[in-house]
Structures are given as structure tokens and as C-alpha cells.
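Heads up: the structure comes next, in C-alpha cells.
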Amino acid sequence: MATPHIESKKEDIAKIVLMPGDPLRAEMIAKNYLEDYRIVNQVRGMNAYTGLYKGKEVTIFPSGMGIPSMGIYSYELFKFYDVEKIIRIGTTGAYTEELDLFDLVLVENSYSKSNYALDLYNSNDHVIAADQNLNAQIKKIADKNKIKLHTGNVYSTETFYDSHSNIKELYHDYNCLGAEMESYALFHNASFLNKEATCILTVSDNLITKEETTSEQRQNSLHQMIELALNSIL
Ligand code: HPA
């Protein structure tokens, strides 16, 4: 079987998928953490890998950037490949000084002004929740491993170069700890298709203090988040 964007055979995709945005990060995760992994998709260079993490089968599939790209891949994985759980692992630009670079955020709700849910599901819900069981499991593993995890909402923006959003209002009125660009599509697809999804984010920049990480630092600093996500699926 194949979809317009995924060439994998159904049996080549695991029931649990981790989704970084970047295909190179998917490759890095497969090479560093998986045993017996194989490449299961190469369409558009969105290389995906299926292998074993501590004996558990998992697929690492990149989402690409933004709501439309995440929307396509997570929809096809849930609907046509019978995927049950997706954990997005990405980065966020923090909306508060209380978050330091490299801190981890577990998303409870995603807020967006996007029309994604309206167009696809005729839904006017601009706030959509992550799966609570998945979040409880991730919190449990974080506690066990003494990993500091912030929990809260995020603003799923459609524009990285966003100059008009009111950060103070997003933080104070919507409890958005930061900006990212994909969780809104993922959570809506999971909700509509009766699947489970959540999102863990590493703070890559702070939009208040203007601190930033380099792409090299980001590449090296994501291990705590990756290990937290992988250990949560066991
Ligand atoms: N905006 C949107 N997405 C992001 C950001 C940001 O500032 N930083 C990391 N992902």
C-alpha cells in the first residue's frame, strides 16, 4: 500500500511513531537509539525509520515544518497505517523568562488561529488537548528519571516570522508557554480519528530574553527529550 506521500508497506510502520520535524533528526535518532532499523520511506526526502528501542518496535517519521505538513503525515499514518500513538518531539520559542534554553515542555493544549480543523473537520475548536494518558505516562517517566518537565499550553503558529501576535496575551490569557508550529494539526487528527497524540518540546529560543541556540547546539541538546519520549513508549 502507499499514500500520495508515504511509500511504506503497512507492516513497515510501527503502531507507535515519534515525529521530529526534521528528517535529519529522524536519521540521527534511528542511528543513535534503534537496533535493526530499516528505512521505510524516502518520498520527498522525508526519510523514515522503523526499528527496535529496547525491544519495542517504533517508527521515527519526520513531520516537516508547519501545520499543513504535520497534518498530511499524521493523518495518513493514523488513517491508512493504523498508527495508534504519535509523540511529536520538537522545539519551541518560549514566551516567558521562567523558561531557560533547553528546558522541556510537555504540551497539555494546543491553541491556534489556523483554519486546519475547520477545513478538514468542520470544527471551530481553536484549542485542542493532548492525550491525557500519554501525558501521564511521560510525566511518570520524567519523575522517575528526575527530568524537569514544564507542563502547559503552546501556541501553534502558522508564521515563524510572526510580528503581530500578542505574546503577553498568549501567555497570560491562554497559558501558552511558547510557540511551535505543528501540534494543532496532530492533536486534531488524533482526536477525530480516535487515536492518541502528544508533544514534547525543547526550548530552542526565548522570545522575551531573545536568547537563542545554534543549530549545532540544538542537534546535541535534544537527547534528553528523545530519551524521555522513547522510554515513555515501553
Ligand atoms: N516560533 C515558532 N516555532 C518555533 C519557534 C518560534 O519562535 N522556535 C522554535 N520553534
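Please note that chains go A, B, ... in the order of the C-alpha cells, that every chain numbers its residues from 1, and that ligands are numbered from 1 in the order shown.
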Problem set entry | Env. residues ligand 1 / 6 Å / only C-alpha atoms and all ligand atoms / as a list in words | Thr91, Thr92, Gly93, Phe160, Ala179, Glu180, Met181, Ser204 and Asp205 of chain A
For this session: Would you please give, as a ChimeraX atom specification, all residues of stretch 76-163 of chain A that DSSP assigns to alpha helix (DSSP H) based on the backbone?
Result: /A:76-80,116-121,132-144
Let me see the file: selected residues, N, CA and C atoms, as a PDB file, in the first residue's frame.
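What ended up in part-v3.pdb:
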```pdb
ATOM      1  N   GLU A  76      -2.235  10.544   7.417  1.00  0.00           N
ATOM      2  CA  GLU A  76      -2.016   9.309   6.653  1.00  0.00           C
ATOM      3  C   GLU A  76      -1.525   8.173   7.554  1.00  0.00           C
ATOM      4  N   LEU A  77      -0.681   8.495   8.517  1.00  0.00           N
ATOM      5  CA  LEU A  77      -0.191   7.445   9.432  1.00  0.00           C
ATOM      6  C   LEU A  77      -1.327   6.885  10.290  1.00  0.00           C
ATOM      7  N   PHE A  78      -2.153   7.760  10.832  1.00  0.00           N
ATOM      8  CA  PHE A  78      -3.275   7.295  11.656  1.00  0.00           C
ATOM      9  C   PHE A  78      -4.305   6.541  10.799  1.00  0.00           C
ATOM     10  N   LYS A  79      -4.675   7.144   9.677  1.00  0.00           N
ATOM     11  CA  LYS A  79      -5.824   6.635   8.922  1.00  0.00           C
ATOM     12  C   LYS A  79      -5.491   5.423   8.057  1.00  0.00           C
ATOM     13  N   PHE A  80      -4.351   5.447   7.392  1.00  0.00           N
ATOM     14  CA  PHE A  80      -4.049   4.386   6.429  1.00  0.00           C
ATOM     15  C   PHE A  80      -3.033   3.364   6.943  1.00  0.00           C
ATOM     16  N   TYR A 116      -7.159  24.886   9.919  1.00  0.00           N
ATOM     17  CA  TYR A 116      -6.962  23.465   9.614  1.00  0.00           C
ATOM     18  C   TYR A 116      -8.162  22.622  10.040  1.00  0.00           C
ATOM     19  N   ALA A 117      -8.596  22.797  11.286  1.00  0.00           N
ATOM     20  CA  ALA A 117      -9.682  21.950  11.809  1.00  0.00           C
ATOM     21  C   ALA A 117     -11.020  22.311  11.174  1.00  0.00           C
ATOM     22  N   LEU A 118     -11.172  23.572  10.837  1.00  0.00           N
ATOM     23  CA  LEU A 118     -12.415  23.999  10.187  1.00  0.00           C
ATOM     24  C   LEU A 118     -12.502  23.378   8.790  1.00  0.00           C
ATOM     25  N   ASP A 119     -11.421  23.447   8.045  1.00  0.00           N
ATOM     26  CA  ASP A 119     -11.430  22.918   6.677  1.00  0.00           C
ATOM     27  C   ASP A 119     -11.570  21.396   6.654  1.00  0.00           C
ATOM     28  N   LEU A 120     -10.910  20.711   7.562  1.00  0.00           N
ATOM     29  CA  LEU A 120     -10.887  19.249   7.495  1.00  0.00           C
ATOM     30  C   LEU A 120     -12.040  18.611   8.258  1.00  0.00           C
ATOM     31  N   TYR A 121     -12.393  19.173   9.398  1.00  0.00           N
ATOM     32  CA  TYR A 121     -13.389  18.517  10.269  1.00  0.00           C
ATOM     33  C   TYR A 121     -14.598  19.399  10.578  1.00  0.00           C
ATOM     34  N   GLN A 132      -4.391  12.562  27.472  1.00  0.00           N
ATOM     35  CA  GLN A 132      -4.041  12.636  28.902  1.00  0.00           C
ATOM     36  C   GLN A 132      -3.301  11.396  29.392  1.00  0.00           C
ATOM     37  N   ASN A 133      -3.633  10.222  28.842  1.00  0.00           N
ATOM     38  CA  ASN A 133      -2.928   9.007  29.273  1.00  0.00           C
ATOM     39  C   ASN A 133      -1.464   9.050  28.848  1.00  0.00           C
ATOM     40  N   LEU A 134      -1.252   9.482  27.604  1.00  0.00           N
ATOM     41  CA  LEU A 134       0.141   9.599  27.133  1.00  0.00           C
ATOM     42  C   LEU A 134       0.901  10.597  27.996  1.00  0.00           C
ATOM     43  N   ASN A 135       0.259  11.710  28.317  1.00  0.00           N
ATOM     44  CA  ASN A 135       0.935  12.726  29.135  1.00  0.00           C
ATOM     45  C   ASN A 135       1.240  12.196  30.533  1.00  0.00           C
ATOM     46  N   ALA A 136       0.301  11.430  31.098  1.00  0.00           N
ATOM     47  CA  ALA A 136       0.530  10.876  32.440  1.00  0.00           C
ATOM     48  C   ALA A 136       1.744   9.938  32.408  1.00  0.00           C
ATOM     49  N   GLN A 137       1.833   9.151  31.357  1.00  0.00           N
ATOM     50  CA  GLN A 137       2.959   8.219  31.218  1.00  0.00           C
ATOM     51  C   GLN A 137       4.285   8.977  31.088  1.00  0.00           C
ATOM     52  N   ILE A 138       4.276  10.033  30.285  1.00  0.00           N
ATOM     53  CA  ILE A 138       5.507  10.830  30.086  1.00  0.00           C
ATOM     54  C   ILE A 138       5.916  11.498  31.399  1.00  0.00           C
ATOM     55  N   LYS A 139       4.930  12.011  32.151  1.00  0.00           N
ATOM     56  CA  LYS A 139       5.245  12.643  33.450  1.00  0.00           C
ATOM     57  C   LYS A 139       5.848  11.626  34.412  1.00  0.00           C
ATOM     58  N   LYS A 140       5.284  10.406  34.391  1.00  0.00           N
ATOM     59  CA  LYS A 140       5.777   9.343  35.273  1.00  0.00           C
ATOM     60  C   LYS A 140       7.255   9.033  34.973  1.00  0.00           C
ATOM     61  N   ILE A 141       7.564   8.900  33.684  1.00  0.00           N
ATOM     62  CA  ILE A 141       8.956   8.579  33.300  1.00  0.00           C
ATOM     63  C   ILE A 141       9.878   9.756  33.627  1.00  0.00           C
ATOM     64  N   ALA A 142       9.397  10.975  33.435  1.00  0.00           N
ATOM     65  CA  ALA A 142      10.211  12.158  33.766  1.00  0.00           C
ATOM     66  C   ALA A 142      10.505  12.189  35.262  1.00  0.00           C
ATOM     67  N   ASP A 143       9.475  11.938  36.077  1.00  0.00           N
ATOM     68  CA  ASP A 143       9.669  11.917  37.538  1.00  0.00           C
ATOM     69  C   ASP A 143      10.701  10.871  37.930  1.00  0.00           C
ATOM     70  N   LYS A 144      10.515   9.665  37.359  1.00  0.00           N
ATOM     71  CA  LYS A 144      11.390   8.549  37.694  1.00  0.00           C
ATOM     72  C   LYS A 144      12.848   8.876  37.371  1.00  0.00           C
TER      73      LYS A 144
END
```
Stretch 46-134 of chain A residues near stretch 186-193 of chain A within 7 Å, closest pair each, using only C-alpha atoms, as CSV:
```
residue,atom,partner,partner_atom,distance
A:Met70,CA,A:Leu186,CA,6.4
A:Gly71,CA,A:Leu186,CA,6.2
A:Ser74,CA,A:Leu186,CA,6.2
A:Tyr75,CA,A:Asn189,CA,5.9
A:Ala117,CA,A:His188,CA,6.6
A:Ile128,CA,A:Phe187,CA,6.4
A:Ala129,CA,A:Phe187,CA,6.7
A:Ala130,CA,A:Phe187,CA,6.0
```
Write out the residues from the selection above, keeping N, CA and C atoms, as a PDB file, in the first residue's frame.
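Ended up saving to out.pdb:
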```pdb
ATOM      1  N   MET A  70       2.589  18.576   8.937  1.00  0.00           N
ATOM      2  CA  MET A  70       2.224  17.651  10.014  1.00  0.00           C
ATOM      3  C   MET A  70       0.832  17.084   9.774  1.00  0.00           C
ATOM      4  N   GLY A  71      -0.071  17.926   9.267  1.00  0.00           N
ATOM      5  CA  GLY A  71      -1.442  17.478   9.006  1.00  0.00           C
ATOM      6  C   GLY A  71      -1.474  16.303   8.046  1.00  0.00           C
ATOM      7  N   SER A  74       0.583  12.989   9.681  1.00  0.00           N
ATOM      8  CA  SER A  74      -0.066  12.317  10.822  1.00  0.00           C
ATOM      9  C   SER A  74      -1.421  11.762  10.405  1.00  0.00           C
ATOM     10  N   TYR A  75      -2.128  12.453   9.516  1.00  0.00           N
ATOM     11  CA  TYR A  75      -3.409  11.932   9.028  1.00  0.00           C
ATOM     12  C   TYR A  75      -3.199  10.594   8.316  1.00  0.00           C
ATOM     13  N   ALA A 117      -8.596  22.797  11.286  1.00  0.00           N
ATOM     14  CA  ALA A 117      -9.682  21.950  11.809  1.00  0.00           C
ATOM     15  C   ALA A 117     -11.020  22.311  11.174  1.00  0.00           C
ATOM     16  N   ILE A 128      -7.115  22.549  21.386  1.00  0.00           N
ATOM     17  CA  ILE A 128      -7.286  21.091  21.310  1.00  0.00           C
ATOM     18  C   ILE A 128      -6.277  20.426  22.252  1.00  0.00           C
ATOM     19  N   ALA A 129      -6.770  19.436  22.989  1.00  0.00           N
ATOM     20  CA  ALA A 129      -5.950  18.833  24.052  1.00  0.00           C
ATOM     21  C   ALA A 129      -5.080  17.696  23.530  1.00  0.00           C
ATOM     22  N   ALA A 130      -3.953  17.512  24.206  1.00  0.00           N
ATOM     23  CA  ALA A 130      -3.119  16.314  24.019  1.00  0.00           C
ATOM     24  C   ALA A 130      -3.792  15.147  24.733  1.00  0.00           C
TER      25      ALA A 130
END
```
Exercise. Quick one: distance from atom CA of A:Ile6 to atom CA of A:Thr157 in Å, one decimal?
Worked result: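 Atom-to-atom, atom CA of A:Ile6 and atom CA of A:Thr157 are spaced 25.4 Å apart.
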Exercise. What lies within 12 Å of A:Glu169 using only C-alpha atoms, ignoring chain neighbours under 4 positions off, as JSON, numbers by chain?
Worked result: {"A": [95, 96, 155, 164, 165, 173, 174, 175, 176, 177, 178]}
Exercise. Taking the backbone alone, and naming residues the way the document does, which bits of stretch 21-106 of chain A are strand (DSSP E or B) by DSSP, as a VMD selection string?
Worked result: chain A and resid 35 to 41 48 to 53 56 to 60 85 to 94 104 to 106
Export, as a PDB file, in the first residue's frame, the selected residues with C-alpha atoms.
```pdb
ATOM      1  CA  GLU A  35      18.508  -1.548  16.747  1.00  0.00           C
ATOM      2  CA  ASP A  36      17.856  -3.406  13.494  1.00  0.00           C
ATOM      3  CA  TYR A  37      16.405  -0.276  11.919  1.00  0.00           C
ATOM      4  CA  ARG A  38      15.460  -0.005   8.277  1.00  0.00           C
ATOM      5  CA  ILE A  39      14.469   2.913   6.111  1.00  0.00           C
ATOM      6  CA  VAL A  40      10.751   2.747   5.346  1.00  0.00           C
ATOM      7  CA  ASN A  41      10.029   5.966   3.443  1.00  0.00           C
ATOM      8  CA  ALA A  48      11.517   7.467   7.994  1.00  0.00           C
ATOM      9  CA  TYR A  49      12.973   4.607  10.024  1.00  0.00           C
ATOM     10  CA  THR A  50      11.468   1.608  11.796  1.00  0.00           C
ATOM     11  CA  GLY A  51      13.458  -0.369  14.336  1.00  0.00           C
ATOM     12  CA  LEU A  52      13.587  -1.555  17.910  1.00  0.00           C
ATOM     13  CA  TYR A  53      14.109   0.523  21.042  1.00  0.00           C
ATOM     14  CA  LYS A  56       9.877  -2.324  21.285  1.00  0.00           C
ATOM     15  CA  GLU A  57       9.084  -1.544  17.658  1.00  0.00           C
ATOM     16  CA  VAL A  58       8.895   2.146  16.857  1.00  0.00           C
ATOM     17  CA  THR A  59       8.880   4.281  13.719  1.00  0.00           C
ATOM     18  CA  ILE A  60      10.642   7.642  13.558  1.00  0.00           C
ATOM     19  CA  LYS A  85       0.121   6.831  19.074  1.00  0.00           C
ATOM     20  CA  ILE A  86       2.211   9.716  17.849  1.00  0.00           C
ATOM     21  CA  ILE A  87       4.561  11.737  20.028  1.00  0.00           C
ATOM     22  CA  ARG A  88       5.845  14.905  18.390  1.00  0.00           C
ATOM     23  CA  ILE A  89       9.317  15.881  19.595  1.00  0.00           C
ATOM     24  CA  GLY A  90      10.204  19.401  18.581  1.00  0.00           C
ATOM     25  CA  THR A  91      11.399  22.813  19.669  1.00  0.00           C
ATOM     26  CA  THR A  92       9.650  25.905  20.984  1.00  0.00           C
ATOM     27  CA  GLY A  93      10.298  29.622  21.254  1.00  0.00           C
ATOM     28  CA  ALA A  94       9.468  30.460  24.887  1.00  0.00           C
ATOM     29  CA  LEU A 104      11.474  20.639  28.335  1.00  0.00           C
ATOM     30  CA  VAL A 105       7.780  21.404  27.901  1.00  0.00           C
ATOM     31  CA  LEU A 106       5.040  18.776  27.804  1.00  0.00           C
TER      32      LEU A 106
END
```
Exercise. Looking at only C-alpha atoms, which of A:Cys199, A:Ile226, A:Met46, A:Ala26 is the one that sits closest to A:Ser156?
Worked result: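 Going through A:Cys199, A:Ile226, A:Met46, A:Ala26 one by one, the smallest distance to A:Ser156 is for A:Cys199.
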Problem set entry | Separation of atom CA of A:Thr202 from atom CA of A:Ser221 in Å | 8.5 Å
Exercise. Near A:Gln219, within 9 Å and counting only C-alpha atoms, which residues show up once chain neighbours fewer than 5 positions away are dropped, as an MDAnalysis selection string?
Worked result: chainID A and resid 25 28 214
Please write the residues from the selection above to a file, keeping N, CA, C and O atoms, as an mmCIF file, in the first residue's frame.
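Wrote selection-v3.cif, looks like this:
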```cif
data_model
loop_
_atom_site.group_PDB
_atom_site.id
_atom_site.type_symbol
_atom_site.label_atom_id
_atom_site.label_comp_id
_atom_site.auth_asym_id
_atom_site.auth_seq_id
_atom_site.Cartn_x
_atom_site.Cartn_y
_atom_site.Cartn_z
ATOM 1 N N ARG A 25 17.017 14.772 11.782
ATOM 2 C CA ARG A 25 16.892 14.393 13.191
ATOM 3 C C ARG A 25 16.319 12.982 13.303
ATOM 4 O O ARG A 25 16.704 12.214 14.176
ATOM 5 N N MET A 28 19.203 10.763 12.785
ATOM 6 C CA MET A 28 20.062 10.769 13.974
ATOM 7 C C MET A 28 19.463 9.877 15.069
ATOM 8 O O MET A 28 20.184 9.099 15.713
ATOM 9 N N THR A 214 22.229 27.640 18.778
ATOM 10 C CA THR A 214 22.681 27.412 17.405
ATOM 11 C C THR A 214 22.123 26.065 16.928
ATOM 12 O O THR A 214 21.734 25.227 17.744
#
```
Seminar exercise, completed: re atom CA of A:Ser163 and atom CA of A:Thr151: distance 25.5 Å
If you count only C-alpha atoms, which residues fall within 10 Å of A:Gly45, apart from same-chain ones fewer than 2 positions away, as a PDB file with N, CA and C atoms, in the first residue's frame?
```
ATOM      1  N   PRO A  23      13.917  15.690   8.930  1.00  0.00           N
ATOM      2  CA  PRO A  23      14.317  14.338   8.507  1.00  0.00           C
ATOM      3  C   PRO A  23      15.717  13.952   8.983  1.00  0.00           C
ATOM      4  N   LEU A  24      16.633  14.922   9.090  1.00  0.00           N
ATOM      5  CA  LEU A  24      17.978  14.581   9.564  1.00  0.00           C
ATOM      6  C   LEU A  24      17.965  14.185  11.036  1.00  0.00           C
ATOM      7  N   ASN A  41      10.597   4.963   4.356  1.00  0.00           N
ATOM      8  CA  ASN A  41      10.029   5.966   3.443  1.00  0.00           C
ATOM      9  C   ASN A  41      11.126   6.891   2.967  1.00  0.00           C
ATOM     10  N   GLN A  42      11.085   7.210   1.659  1.00  0.00           N
ATOM     11  CA  GLN A  42      12.036   8.190   1.125  1.00  0.00           C
ATOM     12  C   GLN A  42      11.346   9.230   0.259  1.00  0.00           C
ATOM     13  N   VAL A  43      10.029   9.168   0.180  1.00  0.00           N
ATOM     14  CA  VAL A  43       9.307  10.123  -0.670  1.00  0.00           C
ATOM     15  C   VAL A  43       9.592  11.547  -0.186  1.00  0.00           C
ATOM     16  N   ASN A  47      12.719  10.922   4.978  1.00  0.00           N
ATOM     17  CA  ASN A  47      13.176   9.569   5.303  1.00  0.00           C
ATOM     18  C   ASN A  47      12.717   9.157   6.698  1.00  0.00           C
ATOM     19  N   ALA A  48      12.072   7.982   6.741  1.00  0.00           N
ATOM     20  CA  ALA A  48      11.517   7.467   7.994  1.00  0.00           C
ATOM     21  C   ALA A  48      12.168   6.124   8.290  1.00  0.00           C
ATOM     22  N   PRO A  62       9.582  11.896  10.105  1.00  0.00           N
ATOM     23  CA  PRO A  62       9.614  13.358  10.206  1.00  0.00           C
ATOM     24  C   PRO A  62       8.273  13.968   9.789  1.00  0.00           C
TER      25      PRO A  62
END
```
For this session: For each of A:Glu84, A:Glu196, A:Asp100, A:Glu158, take the minimum atom-to-atom distance to A:Ile208, counting only C-alpha atoms, then give the residue where this is smallest.
Result: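 Of the candidates, the smallest distance to A:Ile208 is held by A:Asp100.
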For this session: Using only C-alpha atoms, determine which residues lie at most 6 Å from A:Gly66, disregarding the query and same-chain residues fewer than 2 positions distant; provide the list as a list in words.
Result: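 Neighbouring residues, sequence-local ones excluded: Pro68, Ser69, Met181 and Glu182 of chain A.
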Write the residues of the selection above to a file with N, CA, C and O atoms, as a PDB file, in the first residue's frame.
```pdb
ATOM      1  N   PRO A  68       0.259  22.345   7.892  1.00  0.00           N
ATOM      2  CA  PRO A  68      -0.126  21.540   6.719  1.00  0.00           C
ATOM      3  C   PRO A  68       0.710  20.273   6.561  1.00  0.00           C
ATOM      4  O   PRO A  68       0.170  19.204   6.255  1.00  0.00           O
ATOM      5  N   SER A  69       2.022  20.371   6.777  1.00  0.00           N
ATOM      6  CA  SER A  69       2.877  19.205   6.586  1.00  0.00           C
ATOM      7  C   SER A  69       2.602  18.159   7.676  1.00  0.00           C
ATOM      8  O   SER A  69       2.369  16.975   7.376  1.00  0.00           O
ATOM      9  N   MET A 181       4.807  24.943  15.746  1.00  0.00           N
ATOM     10  CA  MET A 181       4.051  25.094  14.503  1.00  0.00           C
ATOM     11  C   MET A 181       3.328  23.837  14.022  1.00  0.00           C
ATOM     12  O   MET A 181       2.860  23.807  12.882  1.00  0.00           O
ATOM     13  N   GLU A 182       3.241  22.800  14.833  1.00  0.00           N
ATOM     14  CA  GLU A 182       2.680  21.542  14.311  1.00  0.00           C
ATOM     15  C   GLU A 182       1.640  20.859  15.200  1.00  0.00           C
ATOM     16  O   GLU A 182       0.818  20.080  14.698  1.00  0.00           O
TER      17      GLU A 182
END
```
For this session: Can you work out which one of A:Gly152, A:Glu216, A:Tyr73, A:Ser63 has the shortest atom-to-atom distance to A:Thr3, counting only C-alpha atoms?
Result: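 Counting only C-alpha atoms, the residue closest to A:Thr3 is A:Tyr73.
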Problem set entry | Nearest to A:Lys54 by atom-to-atom distance, counting only C-alpha atoms, from A:Ile167, A:Leu34, A:Ile67, A:Leu18 |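 Nearest to A:Lys54: A:Leu34.
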